[in-house]
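data_33.pdb (PDB, C-alpha atoms) appears below.
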ATOM      1  CA  ALA A   6      74.141  80.527 -94.865
ATOM      2  CA  GLN A   7      75.528  83.829 -93.728
ATOM      3  CA  SER A   8      79.103  84.845 -94.546
ATOM      4  CA  VAL A   9      81.339  87.885 -94.454
ATOM      5  CA  THR A  10      84.224  88.862 -96.704
ATOM      6  CA  GLN A  11      86.655  91.574 -95.753
ATOM      7  CA  LEU A  12      88.702  92.719 -98.723
ATOM      8  CA  GLY A  13      92.290  93.377 -97.779
ATOM      9  CA  SER A  14      93.877  91.877 -94.706
ATOM     10  CA  HIS A  15      96.120  94.940 -94.365
ATOM     11  CA  VAL A  16      95.396  98.575 -95.150
ATOM     12  CA  SER A  17      97.893 101.402 -94.730
ATOM     13  CA  VAL A  18      97.060 105.103 -94.753
ATOM     14  CA  SER A  19      98.767 108.326 -93.839
ATOM     15  CA  GLU A  20      97.597 110.324 -90.865
ATOM     16  CA  GLY A  21      94.824 112.629 -92.039
ATOM     17  CA  ALA A  22      93.889 110.477 -95.034
ATOM     18  CA  LEU A  23      90.568 108.795 -95.672
ATOM     19  CA  VAL A  24      90.094 105.360 -94.135
ATOM     20  CA  LEU A  25      88.056 102.831 -96.129
ATOM     21  CA  LEU A  26      87.708  99.251 -94.922
ATOM     22  CA  ARG A  27      85.607  96.990 -97.092
ATOM     23  CA  CYS A  28      83.054  94.427 -96.008
ATOM     24  CA  ASN A  29      80.698  92.369 -98.135
ATOM     25  CA  TYR A  30      78.201  89.967 -96.709
ATOM     26  CA  SER A  31      75.919  87.163 -97.762
ATOM     27  CA  SER A  32      72.672  86.619 -95.939
ATOM     28  CA  SER A  33      69.448  84.767 -96.608
ATOM     29  CA  VAL A  34      67.553  87.027 -94.215
ATOM     30  CA  PRO A  35      67.674  90.797 -93.580
ATOM     31  CA  PRO A  36      71.007  91.158 -91.867
ATOM     32  CA  TYR A  37      72.164  92.883 -88.763
ATOM     33  CA  LEU A  38      75.692  94.148 -89.421
ATOM     34  CA  PHE A  39      78.475  95.155 -87.066
ATOM     35  CA  TRP A  40      81.977  96.561 -87.038
ATOM     36  CA  TYR A  41      84.267  95.787 -84.135
ATOM     37  CA  VAL A  42      87.736  97.135 -83.378
ATOM     38  CA  GLN A  43      90.513  95.293 -81.568
ATOM     39  CA  TYR A  44      93.508  97.107 -80.151
ATOM     40  CA  PRO A  45      96.650  95.090 -79.397
ATOM     41  CA  ASN A  46      96.245  92.584 -76.572
ATOM     42  CA  GLN A  47      92.638  93.556 -75.964
ATOM     43  CA  GLY A  48      89.199  92.164 -76.633
ATOM     44  CA  LEU A  49      86.870  93.372 -79.363
ATOM     45  CA  GLN A  50      84.983  96.610 -78.913
ATOM     46  CA  LEU A  51      81.795  97.461 -80.789
ATOM     47  CA  LEU A  52      82.324 100.390 -83.190
ATOM     48  CA  LEU A  53      78.870 100.567 -84.746
ATOM     49  CA  LYS A  54      75.926  98.475 -85.844
ATOM     50  CA  TYR A  55      73.141  98.443 -88.397
ATOM     51  CA  THR A  56      69.871  96.759 -87.539
ATOM     52  CA  THR A  57      67.030  98.576 -89.291
ATOM     53  CA  GLY A  58      66.203 102.122 -90.372
ATOM     54  CA  ALA A  59      68.787 104.653 -91.543
ATOM     55  CA  THR A  60      71.380 103.006 -93.742
ATOM     56  CA  LEU A  61      74.199 105.383 -92.765
ATOM     57  CA  VAL A  62      75.310 104.487 -89.289
ATOM     58  CA  LYS A  63      77.629 106.563 -87.147
ATOM     59  CA  GLY A  64      79.819 105.004 -84.514
ATOM     60  CA  ILE A  65      82.473 105.902 -82.025
ATOM     61  CA  ASN A  66      85.761 107.667 -82.800
ATOM     62  CA  GLY A  67      84.386 109.333 -85.963
ATOM     63  CA  PHE A  68      83.763 106.112 -87.892
ATOM     64  CA  GLU A  69      80.672 105.486 -89.984
ATOM     65  CA  ALA A  70      79.381 102.765 -92.270
ATOM     66  CA  GLU A  71      76.705 102.576 -94.931
ATOM     67  CA  PHE A  72      74.481  99.584 -95.513
ATOM     68  CA  LYS A  73      73.981  99.061 -99.251
ATOM     69  CA  LYS A  74      71.592  96.212 -99.849
ATOM     70  CA  SER A  75      72.013  96.262-103.638
ATOM     71  CA  GLU A  76      75.766  95.818-103.251
ATOM     72  CA  THR A  77      75.561  93.581-100.147
ATOM     73  CA  SER A  78      78.176  95.848 -98.594
ATOM     74  CA  PHE A  79      78.802  97.532 -95.269
ATOM     75  CA  HIS A  80      82.047  99.448 -95.736
ATOM     76  CA  LEU A  81      83.607 101.326 -92.839
ATOM     77  CA  THR A  82      84.941 104.850 -93.367
ATOM     78  CA  LYS A  83      86.542 107.692 -91.481
ATOM     79  CA  PRO A  84      87.330 111.003 -93.178
ATOM     80  CA  SER A  85      90.662 111.610 -91.473
ATOM     81  CA  ALA A  86      92.836 108.892 -89.956
ATOM     82  CA  HIS A  87      94.520 109.339 -86.618
ATOM     83  CA  MET A  88      97.482 107.425 -85.283
ATOM     84  CA  SER A  89      95.257 106.018 -82.549
ATOM     85  CA  ASP A  90      93.082 104.316 -85.204
ATOM     86  CA  ALA A  91      95.775 101.721 -85.812
ATOM     87  CA  ALA A  92      94.119  98.431 -84.867
ATOM     88  CA  GLU A  93      92.418  95.398 -86.351
ATOM     89  CA  TYR A  94      88.854  95.780 -87.562
ATOM     90  CA  PHE A  95      86.285  93.030 -87.882
ATOM     91  CA  CYS A  96      83.025  93.059 -89.775
ATOM     92  CA  ALA A  97      80.271  90.703 -88.598
ATOM     93  CA  VAL A  98      76.805  89.664 -89.720
ATOM     94  CA  SER A  99      74.047  88.114 -87.653
ATOM     95  CA  GLY A 100      73.571  84.435 -88.298
ATOM     96  CA  ASP A 101      70.313  82.892 -89.314
ATOM     97  CA  ASN A 102      70.101  81.588 -85.759
ATOM     98  CA  THR A 103      69.270  84.188 -83.172
ATOM     99  CA  ASP A 104      72.216  85.864 -81.482
ATOM    100  CA  LYS A 105      75.064  84.200 -83.351
ATOM    101  CA  LEU A 106      77.491  86.381 -85.265
ATOM    102  CA  ILE A 107      79.610  85.430 -88.258
ATOM    103  CA  PHE A 108      82.903  87.322 -88.331
ATOM    104  CA  GLY A 109      85.149  88.259 -91.198
ATOM    105  CA  THR A 110      88.853  87.487 -91.041
ATOM    106  CA  GLY A 111      89.764  91.043 -90.097
ATOM    107  CA  THR A 112      91.624  93.992 -91.594
ATOM    108  CA  ARG A 113      94.680  95.411 -89.898
ATOM    109  CA  LEU A 114      94.863  99.183 -90.274
ATOM    110  CA  GLN A 115      98.242 100.883 -90.116
ATOM    111  CA  VAL A 116      98.487 104.662 -89.888
ATOM    112  CA  PHE A 117     101.730 106.362 -90.879
ATOM    113  CA  PRO A 118     102.742 109.859 -89.742
TER     114      PRO A 118
ATOM    115  CA  ASP B 269      82.456  98.487 -70.265
ATOM    116  CA  ALA B 270      80.449  95.319 -69.942
ATOM    117  CA  GLY B 271      81.359  93.382 -66.842
ATOM    118  CA  ILE B 272      83.151  90.386 -68.278
ATOM    119  CA  THR B 273      86.246  88.781 -66.852
ATOM    120  CA  GLN B 274      88.234  85.803 -68.071
ATOM    121  CA  SER B 275      90.588  83.649 -66.109
ATOM    122  CA  PRO B 276      93.360  82.844 -66.402
ATOM    123  CA  ARG B 277      94.605  85.552 -68.748
ATOM    124  CA  HIS B 278      97.635  83.529 -69.761
ATOM    125  CA  LYS B 279      98.320  79.821 -69.517
ATOM    126  CA  VAL B 280     100.996  77.462 -70.731
ATOM    127  CA  THR B 281     100.203  73.786 -70.566
ATOM    128  CA  GLU B 282     101.518  70.504 -71.918
ATOM    129  CA  THR B 283      99.961  68.340 -74.594
ATOM    130  CA  GLY B 284      97.481  65.892 -73.179
ATOM    131  CA  THR B 285      96.595  67.815 -70.029
ATOM    132  CA  PRO B 286      93.080  69.063 -69.297
ATOM    133  CA  VAL B 287      92.524  72.815 -69.225
ATOM    134  CA  THR B 288      89.539  74.855 -68.068
ATOM    135  CA  LEU B 289      88.995  78.496 -68.928
ATOM    136  CA  ARG B 290      86.464  80.564 -67.048
ATOM    137  CA  CYS B 291      84.258  83.411 -68.193
ATOM    138  CA  HIS B 292      82.391  85.428 -65.584
ATOM    139  CA  GLN B 293      79.816  88.177 -66.230
ATOM    140  CA  THR B 294      78.066  90.617 -63.955
ATOM    141  CA  GLU B 295      75.506  91.781 -66.550
ATOM    142  CA  ASN B 296      72.965  88.971 -66.142
ATOM    143  CA  HIS B 297      72.958  88.475 -69.932
ATOM    144  CA  ARG B 298      71.274  85.363 -71.243
ATOM    145  CA  TYR B 299      73.716  84.473 -74.021
ATOM    146  CA  MET B 300      77.378  83.603 -73.619
ATOM    147  CA  TYR B 301      79.901  82.550 -76.243
ATOM    148  CA  TRP B 302      83.373  81.114 -76.546
ATOM    149  CA  TYR B 303      85.502  82.010 -79.576
ATOM    150  CA  ARG B 304      89.035  81.312 -80.608
ATOM    151  CA  GLN B 305      91.089  83.810 -82.568
ATOM    152  CA  ASP B 306      93.855  82.695 -84.910
ATOM    153  CA  PRO B 307      95.751  84.660 -87.564
ATOM    154  CA  GLY B 308      93.982  84.551 -90.900
ATOM    155  CA  HIS B 309      90.810  83.055 -89.437
ATOM    156  CA  GLY B 310      89.266  85.912 -87.518
ATOM    157  CA  LEU B 311      87.024  84.742 -84.703
ATOM    158  CA  ARG B 312      85.502  81.300 -84.830
ATOM    159  CA  LEU B 313      82.702  80.189 -82.559
ATOM    160  CA  ILE B 314      83.478  77.171 -80.375
ATOM    161  CA  HIS B 315      80.353  76.828 -78.226
ATOM    162  CA  TYR B 316      77.625  79.081 -76.999
ATOM    163  CA  SER B 317      74.958  79.105 -74.314
ATOM    164  CA  TYR B 318      71.437  80.481 -74.409
ATOM    165  CA  GLY B 319      70.682  79.872 -70.757
ATOM    166  CA  VAL B 320      71.687  77.905 -67.693
ATOM    167  CA  LYS B 321      72.475  74.347 -68.778
ATOM    168  CA  ASP B 322      71.501  75.193 -72.368
ATOM    169  CA  THR B 323      74.480  75.023 -74.702
ATOM    170  CA  ASP B 324      75.147  74.274 -78.336
ATOM    171  CA  LYS B 325      78.092  73.704 -80.638
ATOM    172  CA  GLY B 326      79.710  76.262 -82.874
ATOM    173  CA  GLU B 327      81.786  75.720 -85.990
ATOM    174  CA  VAL B 328      84.981  74.496 -84.261
ATOM    175  CA  SER B 329      83.692  72.508 -81.269
ATOM    176  CA  ASP B 330      85.760  69.318 -81.657
ATOM    177  CA  GLY B 331      88.018  68.817 -78.637
ATOM    178  CA  TYR B 332      86.119  71.317 -76.483
ATOM    179  CA  SER B 333      83.285  71.055 -73.993
ATOM    180  CA  VAL B 334      81.414  73.697 -72.028
ATOM    181  CA  SER B 335      79.263  74.013 -68.965
ATOM    182  CA  ARG B 336      77.000  76.682 -67.576
ATOM    183  CA  SER B 337      75.591  75.931 -64.145
ATOM    184  CA  LYS B 338      74.982  79.592 -63.252
ATOM    185  CA  THR B 339      73.948  82.590 -65.336
ATOM    186  CA  GLU B 340      77.192  84.377 -64.606
ATOM    187  CA  ASP B 341      79.708  81.622 -65.378
ATOM    188  CA  PHE B 342      80.548  79.840 -68.624
ATOM    189  CA  LEU B 343      83.380  77.320 -68.547
ATOM    190  CA  LEU B 344      85.348  76.046 -71.529
ATOM    191  CA  THR B 345      87.236  72.771 -71.092
ATOM    192  CA  LEU B 346      89.873  71.240 -73.280
ATOM    193  CA  GLU B 347      89.712  67.608 -72.231
ATOM    194  CA  SER B 348      93.179  66.762 -73.573
ATOM    195  CA  ALA B 349      95.000  69.789 -74.924
ATOM    196  CA  THR B 350      96.753  69.599 -78.296
ATOM    197  CA  SER B 351      99.160  72.018 -79.958
ATOM    198  CA  SER B 352      96.451  72.949 -82.477
ATOM    199  CA  GLN B 353      94.495  74.455 -79.584
ATOM    200  CA  THR B 354      97.167  77.065 -78.982
ATOM    201  CA  SER B 355      95.195  80.233 -79.523
ATOM    202  CA  VAL B 356      93.648  83.291 -77.947
ATOM    203  CA  TYR B 357      90.241  82.535 -76.484
ATOM    204  CA  PHE B 358      87.549  85.157 -76.096
ATOM    205  CA  CYS B 359      84.339  85.035 -74.177
ATOM    206  CA  ALA B 360      81.417  87.231 -75.212
ATOM    207  CA  ILE B 361      77.984  87.990 -73.802
ATOM    208  CA  SER B 362      74.763  89.238 -75.309
ATOM    209  CA  SER B 363      71.277  90.138 -74.171
ATOM    210  CA  SER B 364      68.831  89.854 -77.048
ATOM    211  CA  SER B 365      69.923  92.663 -79.329
ATOM    212  CA  TYR B 366      72.500  90.669 -81.295
ATOM    213  CA  GLU B 367      75.406  92.873 -80.299
ATOM    214  CA  GLN B 368      78.012  91.036 -78.289
ATOM    215  CA  TYR B 369      80.416  92.324 -75.674
ATOM    216  CA  PHE B 370      83.810  90.728 -75.356
ATOM    217  CA  GLY B 371      86.086  89.850 -72.502
ATOM    218  CA  PRO B 372      89.826  90.606 -72.489
ATOM    219  CA  GLY B 373      90.869  87.174 -73.738
ATOM    220  CA  THR B 374      92.963  84.249 -72.545
ATOM    221  CA  ARG B 375      96.201  83.419 -74.315
ATOM    222  CA  LEU B 376      96.702  79.642 -74.206
ATOM    223  CA  THR B 377      99.912  77.944 -75.287
ATOM    224  CA  VAL B 378     100.051  74.159 -75.547
ATOM    225  CA  THR B 379     103.608  72.805 -75.689
TER     226      THR B 379
END
As structure tokens:
Amino acid sequence: AQSVTQLGSHVSVSEGALVLLRCNYSSSVPPYLFWYVQYPNQGLQLLLKYTTGATLVKGINGFEAEFKKSETSFHLTKPSAHMSDAAEYFCAVSGDNTDKLIFGTGTRLQVFP
Amino acid sequence: DAGITQSPRHKVTETGTPVTLRCHQTENHRYMYWYRQDPGHGLRLIHYSYGVKDTDKGEVSDGYSVSRSKTEDFLLTLESATSSQTSVYFCAISSSSYEQYFGPGTRLTVT
């Protein structure tokens, strides 16, 4: 069965610092992987996705993620944090049943000035 | 933004009362989903639909039922609300590319 583990429920960085949010997955089939962002009192918004092809995926707001099959990881990075990046981030993997997603428990990113 | 609305956006109800939440889409997407979001649990799938009148259970379906009589509407019903169903409920839609688009959420409080 598919599963997702997000390491660290809270991550704090200074403005301008590197952002690294970790996601490891388990999948019995080639996975589709996603990162979503949730701002306070809003729904989830798709940041980026990996389906097939290039393993380094670029998303909105300067975020990117790299699919590493050997490490079963899909970590999210951004070179320089901005105050507006403060939000909760969810990693998700496609289930073994078409069109179902399995979500991680989320990582709350705080950005300090 | 995907055309998804949820109603009501906020609701307070008493234990034992029935509650229905509505999700409406204007995208004509085939798949629709209901999730609940609770601290420390992320999003958990309650029920989903893969077409009109075609629905299936998710991982936390006990105490919930759904109906989809039209492509654009997906209803979630709590037959007899309990305090453990206090949560934020999200609807999502998908075509066939796996990525899902989320509504703004409904905050439900059961007293």
Could you give me, as a tab-separated table, every chain B residue with an atom at most 7 Å from chain A, plus its closest atom pair and distance in Å to one decimal, counting all atoms listed in the file, rows ordered by chain then number?
residue	atom	partner	partner_atom	distance
B:Gly308	CA	A:Thr110	CA	5.9
B:His309	CA	A:Thr110	CA	5.1
B:Gly310	CA	A:Thr110	CA	3.9
B:Leu311	CA	A:Phe108	CA	6.1
B:Ser364	CA	A:Asp104	CA	6.9
B:Tyr366	CA	A:Asp104	CA	4.8
B:Phe370	CA	A:Leu49	CA	5.7
B:Gly371	CA	A:Gly48	CA	5.7
B:Pro372	CA	A:Gly48	CA	4.5
B:Gly373	CA	A:Gly48	CA	6.0
Starting from the point (96.0, 65.9, -80.8), work out which residues of protein, DNA or RNA have an atom no more than 10 Å away when counting only C-alpha atoms; state them as a PDB file with C-alpha atoms, in the frame of the given file.
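So the final result, stored in selection07.pdb, reads:
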ATOM      1  CA  THR B 283      99.961  68.340 -74.594  1.00  0.00           C
ATOM      2  CA  GLY B 284      97.481  65.892 -73.179  1.00  0.00           C
ATOM      3  CA  GLY B 331      88.018  68.817 -78.637  1.00  0.00           C
ATOM      4  CA  SER B 348      93.179  66.762 -73.573  1.00  0.00           C
ATOM      5  CA  ALA B 349      95.000  69.789 -74.924  1.00  0.00           C
ATOM      6  CA  THR B 350      96.753  69.599 -78.296  1.00  0.00           C
ATOM      7  CA  SER B 351      99.160  72.018 -79.958  1.00  0.00           C
ATOM      8  CA  SER B 352      96.451  72.949 -82.477  1.00  0.00           C
ATOM      9  CA  GLN B 353      94.495  74.455 -79.584  1.00  0.00           C
TER      10      GLN B 353
END
Distance of CA of Leu313 in chain B from CA of Arg336 in chain B, expressed in Å to one decimal place: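 So the answer is 16.4 Å.
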Applied to the shown file, which residues does the PyMOL selection byres ((chain B and resi 339) around 8) return, written as a short mmCIF file (atom, residue, chain, number, x, y, z; two decimals) with C-alpha atoms, in the coordinates of the input?
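Listing of part.cif after writing:
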data_model
loop_
_atom_site.label_atom_id
_atom_site.label_comp_id
_atom_site.auth_asym_id
_atom_site.auth_seq_id
_atom_site.Cartn_x
_atom_site.Cartn_y
_atom_site.Cartn_z
CA ASN B 296 72.96 88.97 -66.14
CA HIS B 297 72.96 88.48 -69.93
CA ARG B 298 71.27 85.36 -71.24
CA GLY B 319 70.68 79.87 -70.76
CA VAL B 320 71.69 77.90 -67.69
CA ARG B 336 77.00 76.68 -67.58
CA SER B 337 75.59 75.93 -64.14
CA LYS B 338 74.98 79.59 -63.25
CA GLU B 340 77.19 84.38 -64.61
CA ASP B 341 79.71 81.62 -65.38
CA PHE B 342 80.55 79.84 -68.62
#
Spatial neighbours of Pro118 in chain A, max dist 12 Å, all atoms listed in the file, sep filter under 5 positions, as a VMD selection string: chain A and resid 17 to 22 86 to 89 91
Atomic separation - CA of Lys74 in chain A relative to CA of Pro35 in chain A, Å: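 These atoms are spaced 9.2 Å apart.
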Close residues, Ser78 in chain A itself excluded, 10 Å, only C-alpha atoms, min 5 positions apart in chain, as JSON, numbers by chain: {"A": [9, 10, 11, 27, 28, 29, 30, 31, 38, 70, 71, 72, 73]}
Distance criterion (all atoms listed in the file): nearest to Tyr303 in chain B out of B:Val356, B:Val280, B:Val334, B:Val287: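 That would be B:Val356, the residue with the smallest distance to Tyr303 in chain B.
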